[in-house]
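Visitor: I have a structure I would like to understand better, so I am pasting it below and will then ask my questions one at a time.
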Amino acid sequence: MVRKLPSGRYQASFINPAGVRQNAPDTFKTKTDASRWLTLVEADISRGTWLDDRAAAEPLGNYMRAVLRDSPKIGVRWRETCERNMRLHLAPLLDMPLRAVTAIQVREWHAAALRGKGGRTSISQSYRFLRMVMNVAVRENVIARNPCQIPGAGVVQASERPVATPAQVVELVEAITPRYRTAVLIAAWCGLRRGEIAGLRVADVDLTEHTITVRKNRVEPLHDRGKAHDKDPKTEAGKRTISVPPHVIPILRLHLDEFAGRERLFISRDGSPLRGHTLYQAFVRARKRVGLDNLSFHDLRHTGQTLAAQTGATMADLMKRLGHSSMAAARRYLHAVDGRDKEIAKALSALAAHGDAARLPRTVSTKAG
């Protein structure tokens with residue numbers, strides 16, 4: 001539709017692919033110019049090649065903030081990380097119109113960031129966020145092609161993570177504040193994440209079946225201590241029931257008697273829900289006492305995965321036990337058998353007893369998965 005404005009110029013409007021009437025970003029001197037522009041737009045829409053010029057003129061920073069606000073799959077911690085990286089690393093691009101962010105612009109920005117003082121991990125995170133936002137812009141017909149085309153820019157080669165021995169896990173348990181001993185054992189022998197541990201309820205523990213069920217993950221925003229909350233795991237695979245190695249059960253039973261709350265398995269001294277940071281600080285003090293300064297709390301989860309693998313657990317078993325999920329994994333590893341998880345748990349206790357994987361009976365590893 002073309003109409004004449006009181007100024008004497010002409011305005012063109014059209015129905016965009018979303019079914020909403022949209023004006024041209026500029027007005028036209030003549031009706032012919034407006035009609036010609038409208039014909040080209042309608043042809044692009046019919047071919048499926050239309051781009052939203054109005055949205056493409058939006059500054060990248062505004063579009064990034066809108067994507068962070070509206071995406072239901074972005075968690076609180078990742079949103080905070082992206083906002084921080086926008087300030088620290090992406091600032092040179094934020095005022096540019098979306099259409100102006102070309103592959104050359106991205107290459108130059110990335111090279112300058114690498115020459116700066118920023119860490120490789122945060123620069124990689126920034127690139128992944130930029131690539132994700134540009135993928136949204138392509139889907140929303142704002143730009144024709146994602147300009148993030150740097151091979152490997154979103155990947156950081158992680159160094160080999162340390163693995164604690166069974167004896168070192170015992171040392172950590174003995175060194176940490178007693179109310180957190182069970183948390184260390186659950187991380188090391190069951191492979192739970194810190195947030196999953198903090199989110200456990202007393203009802204999630206079954207001492208008859210020797211299992212722990214992960215139903216929630218405790219989320220603690222970095223910049224707003226008052227908004228810690230429980231939420232569902234990111235994927236359905238994260239909701240899982242894990243067999244607890246027999247040697248952990250007595251300590252877990254003792255914890256329930258002495259340290260658990262009425263509802264929550266782990267609480268602070270004042271009875272409030274355990275904060276992951278509180279657990280981490282207790283762990284830092286313990287690892288310093290036993291000379292394991294390079295071991296992070298998350299490395300206990302990695303330890304659990306490695307030790308479980310030493311018992312003969314298959315990749316499918318490990319995916320199930322640790323709550324890993326992806327589209328490919330869902331197709332490849334759904335054949336994991338629940339009964340094998342109990343066998344793995346028993347083998348983990350055998351490994352804890354003597355710490356030598358070579359001496360374990362091979363019954364677990366030789367059975368079909």
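Residue numbering restarts at 1 for every chain of the structure tokens, chains are lettered A, B, ... in their displayed order, and ligands are numbered from 1 as they appear.
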Extract, using only C-alpha atoms, all DNA, RNA and protein residues at most 12 Å from stretch 19-34 of chain A, discarding same-chain residues fewer than 2 positions from it, and format them as an MDAnalysis selection string.
Guide: chainID A and resid 1:17 36:42 45 51:58
Visitor: Just N, CA and C atoms for this one: save the residues we selected as a CSV table (one decimal), in the first residue's frame.
Guide:
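Here's the written file part03.csv:
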```
chain,number,residue,atom,x,y,z
A,1,MET,N,0.8,-1.2,0.0
A,1,MET,CA,0.0,0.0,0.0
A,1,MET,C,0.9,1.3,0.0
A,2,VAL,N,0.5,2.2,-0.8
A,2,VAL,CA,1.2,3.5,-0.9
A,2,VAL,C,0.3,4.6,-0.6
A,3,ARG,N,0.7,5.5,0.3
A,3,ARG,CA,-0.2,6.7,0.7
A,3,ARG,C,0.7,7.9,0.7
A,4,LYS,N,0.0,9.0,0.5
A,4,LYS,CA,0.6,10.3,0.5
A,4,LYS,C,0.5,10.9,1.9
A,5,LEU,N,1.7,11.4,2.4
A,5,LEU,CA,1.7,12.0,3.7
A,5,LEU,C,1.4,13.5,3.6
A,6,PRO,N,1.0,14.1,4.8
A,6,PRO,CA,0.8,15.6,4.8
A,6,PRO,C,2.0,16.4,4.3
A,7,SER,N,3.2,15.8,4.4
A,7,SER,CA,4.4,16.5,4.0
A,7,SER,C,4.6,16.5,2.5
A,8,GLY,N,3.8,15.7,1.8
A,8,GLY,CA,3.9,15.6,0.4
A,8,GLY,C,4.7,14.4,-0.1
A,9,ARG,N,5.4,13.8,0.9
A,9,ARG,CA,6.2,12.6,0.5
A,9,ARG,C,5.3,11.4,0.6
A,10,TYR,N,5.8,10.2,0.1
A,10,TYR,CA,4.9,9.0,0.0
A,10,TYR,C,5.5,7.9,1.0
A,11,GLN,N,4.6,7.2,1.6
A,11,GLN,CA,4.9,6.1,2.5
A,11,GLN,C,4.4,4.8,1.9
A,12,ALA,N,5.3,3.8,1.9
A,12,ALA,CA,4.9,2.5,1.4
A,12,ALA,C,4.8,1.5,2.7
A,13,SER,N,3.8,0.7,2.7
A,13,SER,CA,3.7,-0.3,3.7
A,13,SER,C,3.3,-1.7,3.1
A,14,PHE,N,3.6,-2.7,3.8
A,14,PHE,CA,3.3,-4.1,3.3
A,14,PHE,C,3.0,-5.0,4.5
A,15,ILE,N,2.5,-6.2,4.2
A,15,ILE,CA,2.3,-7.2,5.2
A,15,ILE,C,3.5,-8.1,5.3
A,16,ASN,N,4.2,-8.1,6.4
A,16,ASN,CA,5.4,-8.9,6.5
A,16,ASN,C,5.1,-10.4,6.7
A,17,PRO,N,6.1,-11.3,6.6
A,17,PRO,CA,5.8,-12.7,6.8
A,17,PRO,C,5.1,-13.1,8.1
A,36,ARG,N,7.8,1.3,-6.7
A,36,ARG,CA,8.9,0.4,-7.2
A,36,ARG,C,9.5,-0.3,-6.0
A,37,TRP,N,9.7,0.4,-4.9
A,37,TRP,CA,10.3,-0.2,-3.7
A,37,TRP,C,9.3,-1.3,-3.1
A,38,LEU,N,8.1,-1.1,-3.1
A,38,LEU,CA,7.1,-2.0,-2.6
A,38,LEU,C,7.0,-3.3,-3.5
A,39,THR,N,7.2,-3.1,-4.8
A,39,THR,CA,7.2,-4.3,-5.7
A,39,THR,C,8.4,-5.2,-5.4
A,40,LEU,N,9.6,-4.6,-5.2
A,40,LEU,CA,10.7,-5.4,-4.8
A,40,LEU,C,10.6,-6.1,-3.5
A,41,VAL,N,10.0,-5.5,-2.5
A,41,VAL,CA,9.8,-6.1,-1.2
A,41,VAL,C,8.9,-7.3,-1.3
A,42,GLU,N,7.8,-7.1,-2.0
A,42,GLU,CA,6.8,-8.1,-2.2
A,42,GLU,C,7.4,-9.3,-3.0
A,45,ILE,N,9.5,-11.2,-0.5
A,45,ILE,CA,8.7,-12.0,0.4
A,45,ILE,C,8.2,-13.3,-0.3
A,51,LEU,N,14.4,-9.5,3.8
A,51,LEU,CA,15.1,-9.1,5.1
A,51,LEU,C,14.4,-7.9,5.7
A,52,ASP,N,14.3,-7.9,7.0
A,52,ASP,CA,13.7,-6.8,7.7
A,52,ASP,C,14.6,-5.6,7.8
A,53,ASP,N,14.6,-4.7,6.9
A,53,ASP,CA,15.5,-3.5,7.0
A,53,ASP,C,15.4,-2.7,8.2
A,54,ARG,N,14.2,-2.6,8.8
A,54,ARG,CA,14.0,-1.8,10.0
A,54,ARG,C,14.7,-2.5,11.2
A,55,ALA,N,14.5,-3.8,11.3
A,55,ALA,CA,15.2,-4.5,12.4
A,55,ALA,C,16.7,-4.5,12.2
A,56,ALA,N,17.1,-4.6,10.9
A,56,ALA,CA,18.6,-4.6,10.6
A,56,ALA,C,19.3,-3.3,11.0
A,57,ALA,N,18.5,-2.3,11.1
A,57,ALA,CA,19.1,-1.0,11.5
A,57,ALA,C,19.3,-0.9,13.0
A,58,GLU,N,18.7,-1.8,13.7
A,58,GLU,CA,18.8,-1.8,15.2
A,58,GLU,C,20.2,-2.0,15.7
```
Visitor: Would you mind listing what lies within 12 Å of A:Leu114 as a ChimeraX atom specification, with only C-alpha atoms counted and same-chain residues fewer than 4 positions away left out?
Guide: /A:89,107-110,118-124,126-127,153
Visitor: I need the chosen residues saved as a compact mmCIF listing (two decimals), in the first residue's frame, with all heavy atoms.
Guide:
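selection-v6.txt, written as the output of this step:
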```
# COMPACT_ATOMS: atom_id res chain seq x y z
N HIS A 89 34.07 -7.46 26.45
CA HIS A 89 34.67 -7.87 25.18
C HIS A 89 33.92 -7.42 23.94
O HIS A 89 34.54 -7.16 22.90
CB HIS A 89 34.80 -9.40 25.15
CG HIS A 89 35.63 -9.96 26.26
ND1 HIS A 89 36.96 -9.64 26.43
CD2 HIS A 89 35.31 -10.82 27.26
CE1 HIS A 89 37.43 -10.28 27.49
NE2 HIS A 89 36.46 -11.00 28.01
N ARG A 107 35.86 -10.74 12.29
CA ARG A 107 37.26 -11.20 12.30
C ARG A 107 38.16 -10.17 12.97
O ARG A 107 39.02 -10.52 13.79
CB ARG A 107 37.73 -11.50 10.89
CG ARG A 107 39.24 -11.80 10.79
CD ARG A 107 39.64 -12.19 9.39
NE ARG A 107 39.27 -11.23 8.39
CZ ARG A 107 39.90 -10.06 8.16
NH1 ARG A 107 40.94 -9.71 8.92
NH2 ARG A 107 39.52 -9.26 7.20
N GLU A 108 37.97 -8.92 12.61
CA GLU A 108 38.81 -7.86 13.18
C GLU A 108 38.56 -7.71 14.69
O GLU A 108 39.50 -7.52 15.46
CB GLU A 108 38.54 -6.54 12.45
CG GLU A 108 39.04 -6.55 11.00
CD GLU A 108 38.72 -5.25 10.28
OE1 GLU A 108 37.88 -4.47 10.81
OE2 GLU A 108 39.28 -5.02 9.19
N TRP A 109 37.28 -7.80 15.09
CA TRP A 109 36.97 -7.72 16.52
C TRP A 109 37.63 -8.88 17.29
O TRP A 109 38.23 -8.67 18.34
CB TRP A 109 35.46 -7.76 16.74
CG TRP A 109 35.12 -8.17 18.14
CD1 TRP A 109 35.16 -7.39 19.26
CD2 TRP A 109 34.75 -9.48 18.59
NE1 TRP A 109 34.84 -8.13 20.37
CE2 TRP A 109 34.59 -9.41 19.99
CE3 TRP A 109 34.55 -10.71 17.94
CZ2 TRP A 109 34.22 -10.52 20.75
CZ3 TRP A 109 34.18 -11.81 18.68
CH2 TRP A 109 34.03 -11.71 20.07
N HIS A 110 37.51 -10.07 16.75
CA HIS A 110 38.04 -11.25 17.43
C HIS A 110 39.56 -11.18 17.54
O HIS A 110 40.14 -11.48 18.60
CB HIS A 110 37.62 -12.51 16.67
CG HIS A 110 37.99 -13.78 17.37
ND1 HIS A 110 39.04 -14.58 16.97
CD2 HIS A 110 37.45 -14.38 18.45
CE1 HIS A 110 39.12 -15.62 17.78
NE2 HIS A 110 38.18 -15.53 18.68
N GLY A 118 42.05 -9.91 27.82
CA GLY A 118 40.96 -10.81 28.20
C GLY A 118 41.38 -12.26 28.14
O GLY A 118 42.24 -12.66 27.35
N GLY A 119 40.74 -13.08 28.97
CA GLY A 119 41.02 -14.51 28.99
C GLY A 119 40.45 -15.20 27.77
O GLY A 119 39.42 -14.79 27.22
N ARG A 120 41.11 -16.27 27.35
CA ARG A 120 40.66 -17.01 26.16
C ARG A 120 39.27 -17.60 26.35
O ARG A 120 38.46 -17.65 25.42
CB ARG A 120 41.66 -18.11 25.81
CG ARG A 120 43.03 -17.62 25.37
CD ARG A 120 42.92 -16.86 24.06
NE ARG A 120 44.21 -16.50 23.50
CZ ARG A 120 44.84 -15.37 23.75
NH1 ARG A 120 44.31 -14.49 24.58
NH2 ARG A 120 46.01 -15.10 23.19
N THR A 121 38.97 -18.03 27.57
CA THR A 121 37.66 -18.64 27.81
C THR A 121 36.54 -17.62 27.64
O THR A 121 35.53 -17.88 26.98
CB THR A 121 37.60 -19.24 29.23
OG1 THR A 121 38.58 -20.28 29.33
CG2 THR A 121 36.22 -19.82 29.52
N SER A 122 36.70 -16.43 28.22
CA SER A 122 35.63 -15.42 28.12
C SER A 122 35.50 -14.89 26.69
O SER A 122 34.40 -14.57 26.24
CB SER A 122 35.88 -14.27 29.09
OG SER A 122 37.13 -13.65 28.85
N ILE A 123 36.61 -14.83 25.94
CA ILE A 123 36.53 -14.41 24.54
C ILE A 123 35.78 -15.47 23.72
O ILE A 123 34.95 -15.15 22.87
CB ILE A 123 37.93 -14.16 23.96
CG1 ILE A 123 38.57 -12.94 24.65
CG2 ILE A 123 37.88 -13.95 22.45
CD1 ILE A 123 40.02 -12.72 24.30
N SER A 124 36.06 -16.74 24.01
CA SER A 124 35.34 -17.82 23.34
C SER A 124 33.86 -17.77 23.67
O SER A 124 33.00 -17.95 22.80
CB SER A 124 35.94 -19.17 23.77
OG SER A 124 35.18 -20.24 23.25
N SER A 126 32.19 -15.11 24.46
CA SER A 126 31.65 -13.93 23.77
C SER A 126 31.36 -14.26 22.31
O SER A 126 30.32 -13.88 21.76
CB SER A 126 32.65 -12.77 23.85
OG SER A 126 32.92 -12.42 25.18
N TYR A 127 32.27 -14.98 21.67
CA TYR A 127 32.08 -15.35 20.26
C TYR A 127 30.87 -16.27 20.12
O TYR A 127 30.06 -16.11 19.20
CB TYR A 127 33.34 -16.03 19.72
CG TYR A 127 33.21 -16.43 18.27
CD1 TYR A 127 33.50 -15.53 17.26
CD2 TYR A 127 32.80 -17.72 17.91
CE1 TYR A 127 33.37 -15.89 15.93
CE2 TYR A 127 32.67 -18.08 16.60
CZ TYR A 127 32.96 -17.17 15.60
OH TYR A 127 32.82 -17.53 14.29
N ALA A 153 36.67 -20.58 16.74
CA ALA A 153 36.71 -19.42 17.64
C ALA A 153 35.87 -19.62 18.89
O ALA A 153 36.11 -19.00 19.91
CB ALA A 153 36.26 -18.17 16.90
```
Visitor: Among stretch 82-310 of chain A, which ones does DSSP place in helix (DSSP H, G or I), written as number ranges by chain?
Guide: A: 82-88, 91-94, 98-100, 103-115, 120-139, 166-175, 178-190, 194-198, 202-204, 225-227, 236-238, 246-258, 276-289, 297-310
Visitor: I'd like the contact shell of stretch 193-210 of chain A - 6 Å cut-off, only C-alpha atoms, skipping same-chain residues fewer than 5 positions apart - returned as number ranges by chain.
Guide: A: 216-218, 243-244, 263-265, 274
Visitor: Save out the residues we just selected, N, CA, C and O atoms, as a short mmCIF file (atom, residue, chain, number, x, y, z; two decimals), in the first residue's frame.
Guide:
```cif
data_model
loop_
_atom_site.label_atom_id
_atom_site.label_comp_id
_atom_site.auth_asym_id
_atom_site.auth_seq_id
_atom_site.Cartn_x
_atom_site.Cartn_y
_atom_site.Cartn_z
N LYS A 216 15.88 -31.42 41.00
CA LYS A 216 16.04 -29.98 40.90
C LYS A 216 17.52 -29.60 40.89
O LYS A 216 18.38 -30.37 41.34
N ASN A 217 17.77 -28.42 40.42
CA ASN A 217 19.11 -27.85 40.43
C ASN A 217 19.03 -26.48 41.11
O ASN A 217 18.16 -25.67 40.79
N ARG A 218 19.90 -26.23 42.09
CA ARG A 218 19.90 -24.96 42.81
C ARG A 218 20.65 -23.92 41.99
O ARG A 218 21.83 -24.12 41.66
N SER A 243 22.18 -44.93 41.58
CA SER A 243 22.50 -45.88 42.63
C SER A 243 23.72 -45.39 43.40
O SER A 243 24.74 -45.03 42.82
N VAL A 244 23.60 -45.38 44.71
CA VAL A 244 24.68 -44.90 45.58
C VAL A 244 25.59 -46.08 45.93
O VAL A 244 25.10 -47.12 46.38
N GLU A 263 13.25 -30.76 55.25
CA GLU A 263 12.94 -30.98 53.84
C GLU A 263 14.18 -31.14 52.99
O GLU A 263 14.24 -32.01 52.13
N ARG A 264 15.17 -30.30 53.24
CA ARG A 264 16.38 -30.31 52.40
C ARG A 264 17.46 -31.22 52.97
O ARG A 264 17.65 -31.27 54.19
N LEU A 265 18.16 -31.90 52.07
CA LEU A 265 19.23 -32.78 52.51
C LEU A 265 20.41 -31.98 53.05
O LEU A 265 21.05 -32.37 54.03
N LEU A 274 21.30 -24.68 51.70
CA LEU A 274 22.75 -24.58 51.52
C LEU A 274 23.07 -23.79 50.26
O LEU A 274 22.52 -24.04 49.19
#
```
Visitor: Assign secondary structure with DSSP using the backbone only, and return the residues of stretch 179-257 of chain A in strand (DSSP E or B) as a list in words.
Guide: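 Output for stretch 179-257 of chain A, strand (DSSP E or B) only: Arg201, Val205, Asp206, Thr211, Ile212, Thr213, Val214, Asn217, Arg218, Val219, His229, Asp230, Lys231, Arg240, Thr241, Ile242 and Ser243 of chain A.
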Visitor: Could you list, as a PyMOL selection string, every residue within 7 Å of A:Leu322, counting only C-alpha atoms and ignoring same-chain residues fewer than 2 positions away?
Guide: chain A and resi 191-192+318-320+324
